[in-house]
file target39.cif (mmCIF, C-alpha atoms)
data_run
#
loop_
_atom_site.group_PDB
_atom_site.id
_atom_site.type_symbol
_atom_site.label_atom_id
_atom_site.label_comp_id
_atom_site.auth_asym_id
_atom_site.auth_seq_id
_atom_site.Cartn_x
_atom_site.Cartn_y
_atom_site.Cartn_z
ATOM 1 C CA ASP A 1 -174.068 -28.867 107.258
ATOM 2 C CA HIS A 2 -177.445 -29.500 108.912
ATOM 3 C CA ILE A 3 -179.452 -28.442 105.873
ATOM 4 C CA GLY A 4 -181.527 -31.608 106.205
ATOM 5 C CA ALA A 5 -183.329 -29.929 109.114
ATOM 6 C CA VAL A 6 -184.270 -27.038 106.820
ATOM 7 C CA ASN A 7 -185.683 -29.535 104.335
ATOM 8 C CA GLN A 8 -187.876 -31.083 107.017
ATOM 9 C CA PHE A 9 -188.942 -27.681 108.353
ATOM 10 C CA VAL A 10 -190.080 -26.299 105.007
ATOM 11 C CA GLN A 11 -191.986 -29.478 104.188
ATOM 12 C CA MET A 12 -193.799 -29.417 107.539
ATOM 13 C CA PHE A 13 -194.424 -25.694 107.963
ATOM 14 C CA ALA A 14 -194.424 -24.080 104.510
ATOM 15 C CA LYS A 15 -198.162 -23.381 104.826
ATOM 16 C CA ASP A 16 -197.713 -21.715 108.221
ATOM 17 C CA VAL A 17 -194.660 -19.506 107.728
ATOM 18 C CA GLU A 18 -193.294 -17.110 105.173
ATOM 19 C CA ILE A 19 -189.560 -17.217 104.554
ATOM 20 C CA GLU A 20 -188.269 -14.237 102.643
ATOM 21 C CA THR A 21 -184.547 -14.991 102.716
ATOM 22 C CA PHE A 22 -182.271 -17.990 103.029
ATOM 23 C CA VAL A 23 -178.689 -17.244 104.091
ATOM 24 C CA HIS A 24 -176.068 -19.960 103.730
ATOM 25 C CA ASN A 25 -172.671 -20.786 102.318
ATOM 26 C CA LEU A 26 -172.517 -24.255 100.827
ATOM 27 C CA PRO A 27 -169.139 -25.186 99.385
ATOM 28 C CA ALA A 28 -169.178 -25.973 95.694
ATOM 29 C CA TYR A 29 -169.495 -29.701 95.184
ATOM 30 C CA GLU A 30 -166.447 -29.802 92.919
ATOM 31 C CA LEU A 31 -164.280 -28.065 95.501
ATOM 32 C CA TYR A 32 -165.499 -30.242 98.334
ATOM 33 C CA TYR A 33 -165.110 -33.374 96.247
ATOM 34 C CA GLU A 34 -161.598 -32.406 95.159
ATOM 35 C CA LYS A 35 -160.500 -31.597 98.708
ATOM 36 C CA ASN A 36 -162.004 -34.829 99.969
ATOM 37 C CA THR A 37 -160.220 -37.021 97.455
ATOM 38 C CA TRP A 38 -156.639 -36.027 98.137
ATOM 39 C CA GLU A 39 -155.205 -39.535 98.339
ATOM 40 C CA ALA A 40 -152.135 -38.442 100.285
ATOM 41 C CA SER A 41 -154.191 -36.863 103.039
ATOM 42 C CA SER A 42 -156.593 -39.675 103.717
ATOM 43 C CA SER A 43 -156.328 -43.058 105.349
ATOM 44 C CA ASN A 44 -159.929 -43.762 104.328
ATOM 45 C CA PRO A 45 -160.648 -42.223 100.884
ATOM 46 C CA GLU A 46 -163.956 -44.118 100.550
ATOM 47 C CA LYS A 47 -165.375 -42.258 103.557
ATOM 48 C CA HIS A 48 -164.432 -38.959 101.931
ATOM 49 C CA TYR A 49 -166.118 -39.908 98.642
ATOM 50 C CA GLU A 50 -169.270 -40.714 100.639
ATOM 51 C CA GLU A 51 -169.073 -37.375 102.487
ATOM 52 C CA ALA A 52 -168.774 -35.476 99.197
ATOM 53 C CA GLU A 53 -171.645 -37.381 97.588
ATOM 54 C CA GLY A 54 -173.802 -36.875 100.698
ATOM 55 C CA LEU A 55 -173.183 -33.125 100.714
ATOM 56 C CA TYR A 56 -174.024 -32.917 97.015
ATOM 57 C CA GLU A 57 -177.261 -34.879 97.494
ATOM 58 C CA ARG A 58 -178.365 -32.867 100.559
ATOM 59 C CA SER A 59 -177.573 -29.609 98.742
ATOM 60 C CA ASN A 60 -179.767 -30.573 95.808
ATOM 61 C CA ILE A 61 -182.648 -31.547 98.116
ATOM 62 C CA TYR A 62 -182.220 -28.230 99.967
ATOM 63 C CA TYR A 63 -182.311 -26.110 96.802
ATOM 64 C CA ASP A 64 -185.254 -28.116 95.433
ATOM 65 C CA ALA A 65 -187.210 -27.550 98.677
ATOM 66 C CA ILE A 66 -186.584 -23.793 98.540
ATOM 67 C CA GLN A 67 -187.727 -23.666 94.914
ATOM 68 C CA LYS A 68 -190.813 -25.760 95.606
ATOM 69 C CA TYR A 69 -192.033 -24.119 98.831
ATOM 70 C CA PHE A 70 -190.568 -20.598 98.678
ATOM 71 C CA PRO A 71 -189.875 -19.830 95.007
ATOM 72 C CA SER A 72 -189.743 -16.065 95.540
ATOM 73 C CA ALA A 73 -187.368 -16.199 98.521
ATOM 74 C CA ASN A 74 -184.029 -14.444 98.269
ATOM 75 C CA ILE A 75 -180.919 -16.578 98.563
ATOM 76 C CA ILE A 76 -177.839 -14.924 100.025
ATOM 77 C CA VAL A 77 -174.436 -16.574 100.140
ATOM 78 C CA ALA A 78 -172.896 -15.639 103.484
ATOM 79 C CA HIS A 79 -169.305 -14.452 103.766
ATOM 80 C CA ALA A 80 -167.280 -13.650 106.867
ATOM 81 C CA GLY A 81 -167.653 -10.000 107.760
ATOM 82 C CA GLN A 82 -171.213 -9.591 106.483
ATOM 83 C CA ARG A 83 -173.865 -8.098 108.752
ATOM 84 C CA PHE A 84 -177.592 -8.656 108.419
ATOM 85 C CA GLU A 85 -179.948 -6.336 110.285
ATOM 86 C CA TYR A 86 -183.437 -7.525 111.164
ATOM 87 C CA GLY A 87 -185.229 -4.978 113.329
ATOM 88 C CA ASP A 88 -183.307 -4.714 116.599
ATOM 89 C CA ILE A 89 -181.174 -7.767 115.854
ATOM 90 C CA ASP A 90 -177.808 -7.824 114.098
ATOM 91 C CA ILE A 91 -176.439 -11.074 112.694
ATOM 92 C CA ASP A 92 -172.711 -11.010 111.967
ATOM 93 C CA VAL A 93 -171.153 -13.786 109.905
ATOM 94 C CA LEU A 94 -167.898 -14.784 111.606
ATOM 95 C CA PHE A 95 -166.667 -17.740 109.594
ATOM 96 C CA THR A 96 -167.503 -19.823 106.512
ATOM 97 C CA SER A 97 -165.766 -22.618 104.655
ATOM 98 C CA GLU A 98 -164.148 -19.967 102.444
ATOM 99 C CA ASN A 99 -161.909 -19.052 105.379
ATOM 100 C CA ILE A 100 -160.266 -22.469 105.122
ATOM 101 C CA TYR A 101 -160.354 -22.729 101.335
ATOM 102 C CA ARG A 102 -156.745 -23.861 100.969
ATOM 103 C CA LYS A 103 -157.129 -26.504 103.658
ATOM 104 C CA GLU A 104 -158.409 -30.006 103.137
ATOM 105 C CA MET A 105 -162.174 -30.312 103.665
ATOM 106 C CA TRP A 106 -162.369 -33.736 105.240
ATOM 107 C CA ASP A 107 -165.817 -33.473 106.777
ATOM 108 C CA THR A 108 -169.153 -31.796 106.024
ATOM 109 C CA ASN A 109 -168.864 -30.143 109.442
ATOM 110 C CA MET A 110 -166.274 -27.855 107.906
ATOM 111 C CA SER A 111 -169.089 -26.278 105.888
ATOM 112 C CA SER A 112 -170.739 -24.828 109.017
ATOM 113 C CA VAL A 113 -171.303 -21.087 109.099
ATOM 114 C CA SER A 114 -170.442 -19.479 112.454
ATOM 115 C CA TYR A 115 -172.191 -16.249 113.360
ATOM 116 C CA SER A 116 -173.229 -13.990 116.210
ATOM 117 C CA VAL A 117 -176.685 -12.646 117.002
ATOM 118 C CA THR A 118 -176.782 -9.361 118.916
ATOM 119 C CA GLY A 119 -179.912 -7.792 120.327
ATOM 120 C CA LYS A 120 -181.018 -5.463 123.095
ATOM 121 C CA THR A 121 -180.407 -8.044 125.830
ATOM 122 C CA GLY A 122 -177.029 -9.387 124.718
ATOM 123 C CA ARG A 123 -175.074 -11.433 122.242
ATOM 124 C CA MET A 124 -175.099 -15.097 121.265
ATOM 125 C CA ILE A 125 -172.476 -16.888 119.201
ATOM 126 C CA VAL A 126 -173.531 -19.910 117.144
ATOM 127 C CA LEU A 127 -170.607 -22.151 116.198
ATOM 128 C CA GLY A 128 -172.619 -24.853 114.458
ATOM 129 C CA ASP A 129 -170.459 -27.896 113.834
ATOM 130 C CA SER A 130 -167.197 -25.948 113.794
ATOM 131 C CA VAL A 131 -164.305 -28.356 114.095
ATOM 132 C CA ASP A 132 -160.702 -28.352 115.314
ATOM 133 C CA ILE A 133 -159.339 -26.300 112.416
ATOM 134 C CA THR A 134 -162.000 -23.563 112.501
ATOM 135 C CA CYS A 135 -162.245 -22.608 116.185
ATOM 136 C CA PRO A 136 -158.587 -21.571 116.624
ATOM 137 C CA MET A 137 -158.944 -19.492 113.446
ATOM 138 C CA ILE A 138 -162.103 -17.813 114.779
ATOM 139 C CA ASN A 139 -160.236 -16.965 117.979
ATOM 140 C CA ALA A 140 -157.179 -15.709 116.056
ATOM 141 C CA ILE A 141 -159.329 -13.436 113.881
ATOM 142 C CA TYR A 142 -161.712 -12.054 116.511
ATOM 143 C CA GLY A 143 -159.985 -12.642 119.886
ATOM 144 C CA ASN A 144 -161.341 -10.336 122.584
ATOM 145 C CA THR A 145 -164.237 -9.188 120.414
ATOM 146 C CA LEU A 146 -165.824 -12.627 120.883
ATOM 147 C CA LYS A 147 -167.244 -11.684 124.297
ATOM 148 C CA CYS A 148 -170.835 -12.913 124.479
ATOM 149 C CA ASN A 149 -173.594 -13.812 126.913
ATOM 150 C CA LEU A 150 -174.427 -17.151 125.341
ATOM 151 C CA VAL A 151 -172.521 -19.602 123.136
ATOM 152 C CA GLN A 152 -173.690 -22.688 121.305
ATOM 153 C CA VAL A 153 -170.925 -25.215 121.987
ATOM 154 C CA ALA A 154 -169.047 -26.267 118.837
ATOM 155 C CA HIS A 155 -169.869 -29.586 117.195
ATOM 156 C CA HIS A 156 -172.241 -30.841 119.895
ATOM 157 C CA GLY A 157 -169.332 -30.814 122.336
ATOM 158 C CA TYR A 158 -167.439 -33.625 120.593
ATOM 159 C CA ASN A 159 -164.470 -31.656 119.327
ATOM 160 C CA GLY A 160 -163.858 -28.317 117.693
ATOM 161 C CA GLY A 161 -164.084 -25.786 120.457
ATOM 162 C CA ASN A 162 -160.969 -25.006 122.441
ATOM 163 C CA ALA A 163 -160.222 -23.424 125.803
ATOM 164 C CA GLU A 164 -158.677 -20.259 124.306
ATOM 165 C CA MET A 165 -161.697 -19.490 122.166
ATOM 166 C CA TYR A 166 -164.182 -20.137 124.974
ATOM 167 C CA ALA A 167 -162.069 -17.992 127.316
ATOM 168 C CA SER A 168 -162.220 -15.153 124.768
ATOM 169 C CA MET A 169 -166.011 -15.527 124.647
ATOM 170 C CA ASN A 170 -166.301 -15.555 128.443
ATOM 171 C CA ALA A 171 -169.979 -16.472 128.035
ATOM 172 C CA ASP A 172 -172.389 -16.577 130.953
ATOM 173 C CA PHE A 173 -174.219 -19.569 129.491
ATOM 174 C CA ALA A 174 -173.572 -22.352 126.983
ATOM 175 C CA ILE A 175 -176.006 -24.333 124.878
ATOM 176 C CA TRP A 176 -174.769 -27.885 124.516
ATOM 177 C CA THR A 177 -176.838 -29.485 121.746
ATOM 178 C CA ASN A 178 -176.330 -33.014 122.947
ATOM 179 C CA SER A 179 -176.781 -35.262 125.944
ATOM 180 C CA TYR A 180 -174.024 -36.200 128.358
ATOM 181 C CA GLU A 181 -174.668 -39.887 127.639
ATOM 182 C CA VAL A 182 -174.201 -39.498 123.875
ATOM 183 C CA VAL A 183 -171.010 -37.477 124.275
ATOM 184 C CA MET A 184 -169.524 -40.021 126.693
ATOM 185 C CA ALA A 185 -170.542 -42.923 124.431
ATOM 186 C CA ARG A 186 -168.653 -41.292 121.545
ATOM 187 C CA GLY A 187 -165.588 -40.697 123.704
#
call {"tool": "encode", "arguments": {"input": "target39.cif", "output": "structure tokens"}}
result
Amino acid sequence: DHIGAVNQFVQMFAKDVEIETFVHNLPAYELYYEKNTWEASSSNPEKHYEEAEGLYERSNIYYDAIQKYFPSANIIVAHAGQRFEYGDIDIDVLFTSENIYRKEMWDTNMSSVSYSVTGKTGRMIVLGDSVDITCPMINAIYGNTLKCNLVQVAHHGYNGGNAEMYASMNADFAIWTNSYEVVMARG
């Protein structure tokens, strides 16, 4: 759901880098919009309309930036179970929004792709903005195979990750993409 950062990156560095492939899994706007507008499931439907519209707008900006700056780049839609091999590095897609298709998508964070990166020196798991519904599912699917050296803490440490999943990972180090002050301010 942080595709805005990609937009900024390609605008700033398109002259300096070559990107051959973009890998993502953006939920279809119609699906996201439909899931977000279930009246019975929401105490604040207006917020969900805004989330859906924001995702749609950011998606269009993202695709336009790819077309403008890297028109010959490949675009791959990621699905759980896929492996991408780049030299000595394997990237395994663990989870996408398709894994929760029948569930309500109440937040753009539910569109995060979770994956692992394995190289000669170890394994890292990137959870992105995985939320409360996704992390128990990741643990249920992969369990003991989640062991890693490094984990990026789910959803900036706000919510999402759970003790069972992190215990399965048994990581030596964690990347917490936030400051203690911000987390405490948000409760």
call {"tool": "atom_distance", "arguments": {"input": "target39.cif", "atom1": "CA of Ile76 in chain A", "atom2": "CA of His156 in chain A"}}
result
26.1 Å
call {"tool": "resolve_selection", "arguments": {"input": "target39.cif", "expression": "the PyMOL selection byres ((chain A and resi 149) around 8)", "output": "PyMOL selection string"}}
result
chain A and resi 122-124+147-148+150-151+170-173
call {"tool": "resolve_selection", "arguments": {"input": "target39.cif", "expression": "the PyMOL selection byres ((chain A and resi 114) around 10)", "output": "short mmCIF file (atom, residue, chain, number, x, y, z; two decimals) with C-alpha atoms, keeping the file's coordinate frame"}}
result
data_model
loop_
_atom_site.label_atom_id
_atom_site.label_comp_id
_atom_site.auth_asym_id
_atom_site.auth_seq_id
_atom_site.Cartn_x
_atom_site.Cartn_y
_atom_site.Cartn_z
CA ALA A 80 -167.28 -13.65 106.87
CA ASP A 92 -172.71 -11.01 111.97
CA VAL A 93 -171.15 -13.79 109.90
CA LEU A 94 -167.90 -14.78 111.61
CA PHE A 95 -166.67 -17.74 109.59
CA THR A 96 -167.50 -19.82 106.51
CA SER A 97 -165.77 -22.62 104.66
CA SER A 111 -169.09 -26.28 105.89
CA SER A 112 -170.74 -24.83 109.02
CA VAL A 113 -171.30 -21.09 109.10
CA TYR A 115 -172.19 -16.25 113.36
CA SER A 116 -173.23 -13.99 116.21
CA ILE A 125 -172.48 -16.89 119.20
CA VAL A 126 -173.53 -19.91 117.14
CA LEU A 127 -170.61 -22.15 116.20
CA GLY A 128 -172.62 -24.85 114.46
CA ASP A 129 -170.46 -27.90 113.83
CA SER A 130 -167.20 -25.95 113.79
CA THR A 134 -162.00 -23.56 112.50
CA CYS A 135 -162.24 -22.61 116.18
CA ILE A 138 -162.10 -17.81 114.78
CA GLN A 152 -173.69 -22.69 121.30
CA ALA A 154 -169.05 -26.27 118.84
#
call {"tool": "atom_distance", "arguments": {"input": "target39.cif", "atom1": "CA of Ala65 in chain A", "atom2": "CA of Val10 in chain A"}}
result
7.1 Å
call {"tool": "closest_residue", "arguments": {"input": "target39.cif", "among": "A:Val117, A:Ile175, A:Val6, A:Ile19", "to": "Pro71 in chain A", "atoms": "all atoms listed in the file"}}
result
A:Ile19
